[in-house]
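Have a look at protein_26.pdb below; it lists PDB, C-alpha atoms.
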ATOM      1  CA  MET A1481     105.526  89.491 125.491
ATOM      2  CA  ILE A1482     106.114  88.071 122.036
ATOM      3  CA  ASP A1483     105.876  84.293 121.839
ATOM      4  CA  PHE A1484     108.514  83.623 119.172
ATOM      5  CA  ASN A1485     107.184  80.112 118.480
ATOM      6  CA  LEU A1486     103.775  81.566 117.593
ATOM      7  CA  LEU A1487     105.446  84.342 115.596
ATOM      8  CA  GLU A1488     107.529  81.859 113.595
ATOM      9  CA  ARG A1489     104.452  79.746 112.909
ATOM     10  CA  ALA A1490     102.536  82.814 111.728
ATOM     11  CA  ILE A1491     105.194  84.192 109.393
ATOM     12  CA  SER A1492     106.072  80.799 107.936
ATOM     13  CA  ARG A1493     102.684  80.740 106.183
ATOM     14  CA  TYR A1494     104.299  82.516 103.248
ATOM     15  CA  GLN A1495     105.616  80.318 100.453
ATOM     16  CA  HIS A1496     109.200  81.402 100.956
ATOM     17  CA  GLU A1497     111.663  81.349 103.799
ATOM     18  CA  PRO A1498     110.624  83.937 106.410
ATOM     19  CA  TYR A1499     113.816  85.970 106.530
ATOM     20  CA  TYR A1500     112.229  88.499 108.839
ATOM     21  CA  SER A1501     114.245  90.991 110.816
ATOM     22  CA  ASP A1502     113.362  93.714 113.277
ATOM     23  CA  TYR A1503     111.968  96.883 111.786
ATOM     24  CA  MET A1504     111.852 100.101 113.764
ATOM     25  CA  PRO A1505     109.416 102.471 112.015
ATOM     26  CA  ALA A1506     109.502 106.218 112.193
ATOM     27  CA  GLU A1507     107.015 108.375 110.320
ATOM     28  CA  PRO A1508     109.487 110.006 107.909
ATOM     29  CA  GLU A1509     110.891 106.578 106.977
ATOM     30  CA  VAL A1510     107.397 105.214 106.445
ATOM     31  CA  ASP A1511     106.466 108.277 104.370
ATOM     32  CA  THR A1512     109.525 107.651 102.186
ATOM     33  CA  LEU A1513     108.635 103.975 101.984
ATOM     34  CA  PHE A1514     105.169 104.792 100.655
ATOM     35  CA  ASP A1515     106.685 107.113  98.053
ATOM     36  CA  LYS A1516     108.371 104.030  96.565
ATOM     37  CA  TYR A1517     105.827 101.306  97.444
ATOM     38  CA  TYR A1518     102.073 100.834  97.674
ATOM     39  CA  CYS A1519     100.108  98.355  99.771
ATOM     40  CA  ILE A1520      98.768  95.513  97.648
ATOM     41  CA  GLU A1521      97.235  93.748 100.641
ATOM     42  CA  MET A1522      96.792  94.127 104.376
ATOM     43  CA  THR A1523      95.138  91.646 106.694
ATOM     44  CA  GLU A1524      94.075  92.116 110.266
ATOM     45  CA  ASP A1525      94.117  88.804 112.133
ATOM     46  CA  PHE A1526      91.946  88.700 115.259
ATOM     47  CA  TYR A1527      92.804  86.626 118.340
ATOM     48  CA  ASP A1528      89.889  87.662 120.546
ATOM     49  CA  SER A1529      88.083  84.389 121.115
ATOM     50  CA  GLU A1530      86.805  83.639 124.613
ATOM     51  CA  PRO A1531      86.501  80.474 126.675
ATOM     52  CA  GLU A1532      83.181  78.680 126.853
ATOM     53  CA  ILE A1533      81.097  78.790 129.981
ATOM     54  CA  PRO A1534      81.027  75.301 131.519
ATOM     55  CA  ARG A1535      77.897  73.477 130.443
ATOM     56  CA  GLU A1536      76.883  72.684 134.010
ATOM     57  CA  LEU A1537      76.844  76.433 134.798
ATOM     58  CA  GLU A1538      75.143  77.716 131.615
ATOM     59  CA  ASN A1539      71.620  77.936 133.086
ATOM     60  CA  GLU A1540      72.663  79.873 136.164
ATOM     61  CA  TRP A1541      75.437  82.014 134.657
ATOM     62  CA  ASP A1542      75.306  85.729 135.468
ATOM     63  CA  PHE A1543      78.131  88.129 134.597
ATOM     64  CA  GLU A1544      76.998  90.438 137.414
ATOM     65  CA  ASN A1545      77.459  87.703 139.996
ATOM     66  CA  PRO A1546      80.877  88.088 141.719
ATOM     67  CA  GLU A1547      81.216  84.313 142.057
ATOM     68  CA  CYS A1548      80.612  83.850 138.319
ATOM     69  CA  MET A1549      83.141  86.588 137.554
ATOM     70  CA  LYS A1550      85.727  84.853 139.710
ATOM     71  CA  ILE A1551      85.174  81.648 137.724
ATOM     72  CA  TRP A1552      85.239  83.650 134.460
ATOM     73  CA  ASP A1553      88.570  85.264 135.353
ATOM     74  CA  GLN A1554      90.077  81.830 135.976
ATOM     75  CA  LEU A1555      88.591  80.451 132.738
ATOM     76  CA  CYS A1556      90.132  83.370 130.814
ATOM     77  CA  LYS A1557      93.511  82.864 132.461
ATOM     78  CA  ASP A1558      93.472  79.142 131.634
ATOM     79  CA  TYR A1559      92.287  79.873 128.078
ATOM     80  CA  GLU A1560      94.964  82.478 127.286
ATOM     81  CA  PRO A1561      97.467  80.092 125.576
ATOM     82  CA  ARG A1562      94.695  78.849 123.277
ATOM     83  CA  ARG A1563      93.473  82.382 122.519
ATOM     84  CA  LEU A1564      96.977  83.457 121.492
ATOM     85  CA  SER A1565      97.208  80.612 118.986
ATOM     86  CA  LEU A1566      93.651  80.772 117.606
ATOM     87  CA  ASN A1567      93.136  83.188 114.717
ATOM     88  CA  ASN A1568      89.333  83.407 114.791
ATOM     89  CA  TRP A1569      88.796  86.109 112.139
ATOM     90  CA  GLN A1570      90.708  87.782 109.335
ATOM     91  CA  GLU A1571      89.791  91.097 107.742
ATOM     92  CA  LEU A1572      91.192  91.841 104.282
ATOM     93  CA  TYR A1573      92.110  95.349 103.121
ATOM     94  CA  VAL A1574      92.676  95.599  99.354
ATOM     95  CA  GLU A1575      91.576  98.077  96.746
ATOM     96  CA  GLY A1576      87.901  97.433  95.969
ATOM     97  CA  ASN A1577      87.164  95.406  99.106
ATOM     98  CA  TRP A1578      84.496  97.196 101.165
ATOM     99  CA  GLY A1579      84.698 100.011  98.620
ATOM    100  CA  LEU A1580      88.259 100.923  99.655
ATOM    101  CA  THR A1581      90.391 102.999  97.318
ATOM    102  CA  GLN A1582      94.118 102.368  96.911
ATOM    103  CA  ASP A1583      94.802 105.550  98.886
ATOM    104  CA  GLU A1584      92.669 104.256 101.791
ATOM    105  CA  VAL A1585      94.468 100.904 101.772
ATOM    106  CA  ASN A1586      97.828 102.714 101.842
ATOM    107  CA  LYS A1587      96.615 105.003 104.640
ATOM    108  CA  ASN A1588      95.492 102.031 106.781
ATOM    109  CA  ALA A1589      98.808 100.212 106.284
ATOM    110  CA  LYS A1590     100.797 103.367 107.010
ATOM    111  CA  LYS A1591      98.804 103.941 110.213
ATOM    112  CA  ILE A1592      99.717 100.468 111.500
ATOM    113  CA  LEU A1593     103.410 100.829 110.597
ATOM    114  CA  THR A1594     103.681 104.149 112.460
ATOM    115  CA  LYS A1595     101.981 103.114 115.725
ATOM    116  CA  ARG A1596     104.542 103.677 118.440
ATOM    117  CA  LYS A1597     103.383 100.763 120.577
ATOM    118  CA  TYR A1598     104.256  98.379 117.729
ATOM    119  CA  LYS A1599     107.823  99.714 117.488
ATOM    120  CA  ASP A1600     109.511  96.459 118.548
ATOM    121  CA  ARG A1601     106.825  94.181 117.099
ATOM    122  CA  ILE A1602     107.203  94.807 113.383
ATOM    123  CA  PHE A1603     109.097  92.237 111.345
ATOM    124  CA  VAL A1604     109.960  92.645 107.684
ATOM    125  CA  ALA A1605     111.059  90.377 104.858
ATOM    126  CA  LYS A1606     111.825  91.126 101.244
ATOM    127  CA  TYR A1607     110.817  88.590  98.631
ATOM    128  CA  ASP A1608     110.640  88.891  94.872
ATOM    129  CA  GLY A1609     110.734  92.700  95.115
ATOM    130  CA  ASP A1610     107.837  92.925  97.586
ATOM    131  CA  LEU A1611     108.140  93.859 101.264
ATOM    132  CA  TYR A1612     106.272  91.689 103.775
ATOM    133  CA  PHE A1613     105.566  93.211 107.180
ATOM    134  CA  TYR A1614     104.247  91.223 110.105
ATOM    135  CA  VAL A1615     103.032  93.067 113.220
ATOM    136  CA  TYR A1616     102.679  90.868 116.295
ATOM    137  CA  ALA A1617     100.117  92.387 118.674
ATOM    138  CA  ARG A1618      97.883  89.464 119.646
ATOM    139  CA  ASP A1619      99.097  89.640 123.242
ATOM    140  CA  LEU A1620      98.277  93.363 123.507
ATOM    141  CA  PRO A1621      94.789  94.682 124.328
ATOM    142  CA  GLU A1622      94.013  94.908 120.572
ATOM    143  CA  MET A1623      94.277  91.086 120.328
ATOM    144  CA  ARG A1624      95.276  91.118 116.672
ATOM    145  CA  ASP A1625      98.202  90.798 114.293
ATOM    146  CA  TYR A1626      98.661  92.503 110.939
ATOM    147  CA  GLN A1627     100.206  91.414 107.673
ATOM    148  CA  ILE A1628     101.090  94.096 105.158
ATOM    149  CA  ILE A1629     102.499  93.500 101.686
ATOM    150  CA  LEU A1630     104.031  96.423  99.822
ATOM    151  CA  ARG A1631     104.885  96.367  96.128
ATOM    152  CA  PRO A1632     107.243  98.788  94.342
ATOM    153  CA  ARG A1633     105.521 101.529  92.374
ATOM    154  CA  SER A1634     106.145 101.467  88.642
ATOM    155  CA  ILE A1635     108.556 104.116  87.474
TER     156      ILE A1635
END
Could you spell out this file's structure in C-alpha cells?
Amino acid sequence: MIDFNLLERAISRYQHEPYYSDYMPAEPEVDTLFDKYYCIEMTEDFYDSEPEIPRELENEWDFENPECMKIWDQLCKDYEPRRLSLNNWQELYVEGNWGLTQDEVNKNAKKILTKRKYKDRIFVAKYDGDLYFYVYARDLPEMRDYQIILRPRSI
C-alpha cells in the first residue's frame, strides 16, 4: 500500500512544486509518448536494507536455526517502517553510463512505464517542458522506486 507521506517526501526532492497526478500507462500510449520524448535520465532507488542482528546474538546466529529465523522475522517486521524510508542505493541510467546507448535508456524507461503491476503507482508532473515520472514500488517485492525524466525530441 502506498504511503503517501513517503511518496510526497520523495517527489518533493525536485526543485519545483510536485504537481503529480495519477498516470495509467498502456503500451500504445507509452509508444506514442516515446515518439515525442526521449529519456534523459532514469534512476532506480533501492529500499532493500535489512535489520541488524542483535550484537548479543551475533556469535551464535544461524539462519538455519528455526529459533533464529523466528527472531529474524520479528526483526524484519519491526524494521519495515525504516526500510520503506531508507533509500540505500541509487542506480543511474543515462546515455554513456555503463556503456548504455540512448536507445537502451529509452527501452529501460519504457519497460518500467508499461509494467502492469505499476499501473496505479505511476505519478507524473510536467515542468519546463519535461515530463517527470515517479513510480512508487518500494513496498512491493522489488523494493525500489523509479524516477524517469523525459524531454521532448527536437523537431
Closest of A:Val1510, A:Leu1611, A:Ile1551, A:Leu1487 to Asp1625 of chain A - atom-to-atom distances counting only C-alpha atoms: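 Selected residue with least distance to Asp1625 of chain A: A:Leu1487.
Applied to this file, the PyMOL selection byres ((chain A and resi 1572) around 12) selects the residues Cys1519, Ile1520, Glu1521, Met1522, Thr1523, Glu1524, Asp1525, Phe1526, Trp1569, Gln1570, Glu1571, Tyr1573, Val1574, Glu1575, Gly1576, Asn1577, Trp1578, Gly1579, Leu1580, Val1585, Asn1588, Ala1589, Tyr1626, Gln1627, Ile1628 and Ile1629 of chain A.
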Using C-alpha atoms, can you export the residues from the last selection as a PDB file, in the frame of the given file?
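Output (out.pdb):
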ATOM      1  CA  CYS A1519     100.108  98.355  99.771  1.00  0.00           C
ATOM      2  CA  ILE A1520      98.768  95.513  97.648  1.00  0.00           C
ATOM      3  CA  GLU A1521      97.235  93.748 100.641  1.00  0.00           C
ATOM      4  CA  MET A1522      96.792  94.127 104.376  1.00  0.00           C
ATOM      5  CA  THR A1523      95.138  91.646 106.694  1.00  0.00           C
ATOM      6  CA  GLU A1524      94.075  92.116 110.266  1.00  0.00           C
ATOM      7  CA  ASP A1525      94.117  88.804 112.133  1.00  0.00           C
ATOM      8  CA  PHE A1526      91.946  88.700 115.259  1.00  0.00           C
ATOM      9  CA  TRP A1569      88.796  86.109 112.139  1.00  0.00           C
ATOM     10  CA  GLN A1570      90.708  87.782 109.335  1.00  0.00           C
ATOM     11  CA  GLU A1571      89.791  91.097 107.742  1.00  0.00           C
ATOM     12  CA  TYR A1573      92.110  95.349 103.121  1.00  0.00           C
ATOM     13  CA  VAL A1574      92.676  95.599  99.354  1.00  0.00           C
ATOM     14  CA  GLU A1575      91.576  98.077  96.746  1.00  0.00           C
ATOM     15  CA  GLY A1576      87.901  97.433  95.969  1.00  0.00           C
ATOM     16  CA  ASN A1577      87.164  95.406  99.106  1.00  0.00           C
ATOM     17  CA  TRP A1578      84.496  97.196 101.165  1.00  0.00           C
ATOM     18  CA  GLY A1579      84.698 100.011  98.620  1.00  0.00           C
ATOM     19  CA  LEU A1580      88.259 100.923  99.655  1.00  0.00           C
ATOM     20  CA  VAL A1585      94.468 100.904 101.772  1.00  0.00           C
ATOM     21  CA  ASN A1588      95.492 102.031 106.781  1.00  0.00           C
ATOM     22  CA  ALA A1589      98.808 100.212 106.284  1.00  0.00           C
ATOM     23  CA  TYR A1626      98.661  92.503 110.939  1.00  0.00           C
ATOM     24  CA  GLN A1627     100.206  91.414 107.673  1.00  0.00           C
ATOM     25  CA  ILE A1628     101.090  94.096 105.158  1.00  0.00           C
ATOM     26  CA  ILE A1629     102.499  93.500 101.686  1.00  0.00           C
TER      27      ILE A1629
END
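Proximity ranking of A:Ile1533, A:Leu1564, A:Ile1602, A:Met1549 relative to Arg1618 of chain A places A:Leu1564 first, based on only C-alpha atoms.
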Nearest to Cys1556 of chain A, chosen from A:Gly1609, A:Pro1632, A:Pro1621, A:Pro1531, with only C-alpha atoms counted in the distances: A:Pro1531
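With distances restricted to only C-alpha atoms, A:Leu1593 is the closest residue to Glu1509 of chain A from A:Ala1605, A:Leu1593, A:Leu1620, A:Leu1630.
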Please report, as JSON, the centre and edge lengths in Å to one decimal of an axis-aligned box covering all listed atoms of segment 1516-1519 of chain A with 4 Å per side.
{"center_x": 104.2, "center_y": 101.2, "center_z": 98.2, "size_x": 16.3, "size_y": 13.7, "size_z": 11.2}
Two-atom distance - atom CA of Ser1529 of chain A, atom CA of Asp1619 of chain A (Å): 12.4 Å
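Between atom CA of Tyr1598 of chain A and atom CA of Tyr1614 of chain A the interatomic distance comes to 10.5 Å.
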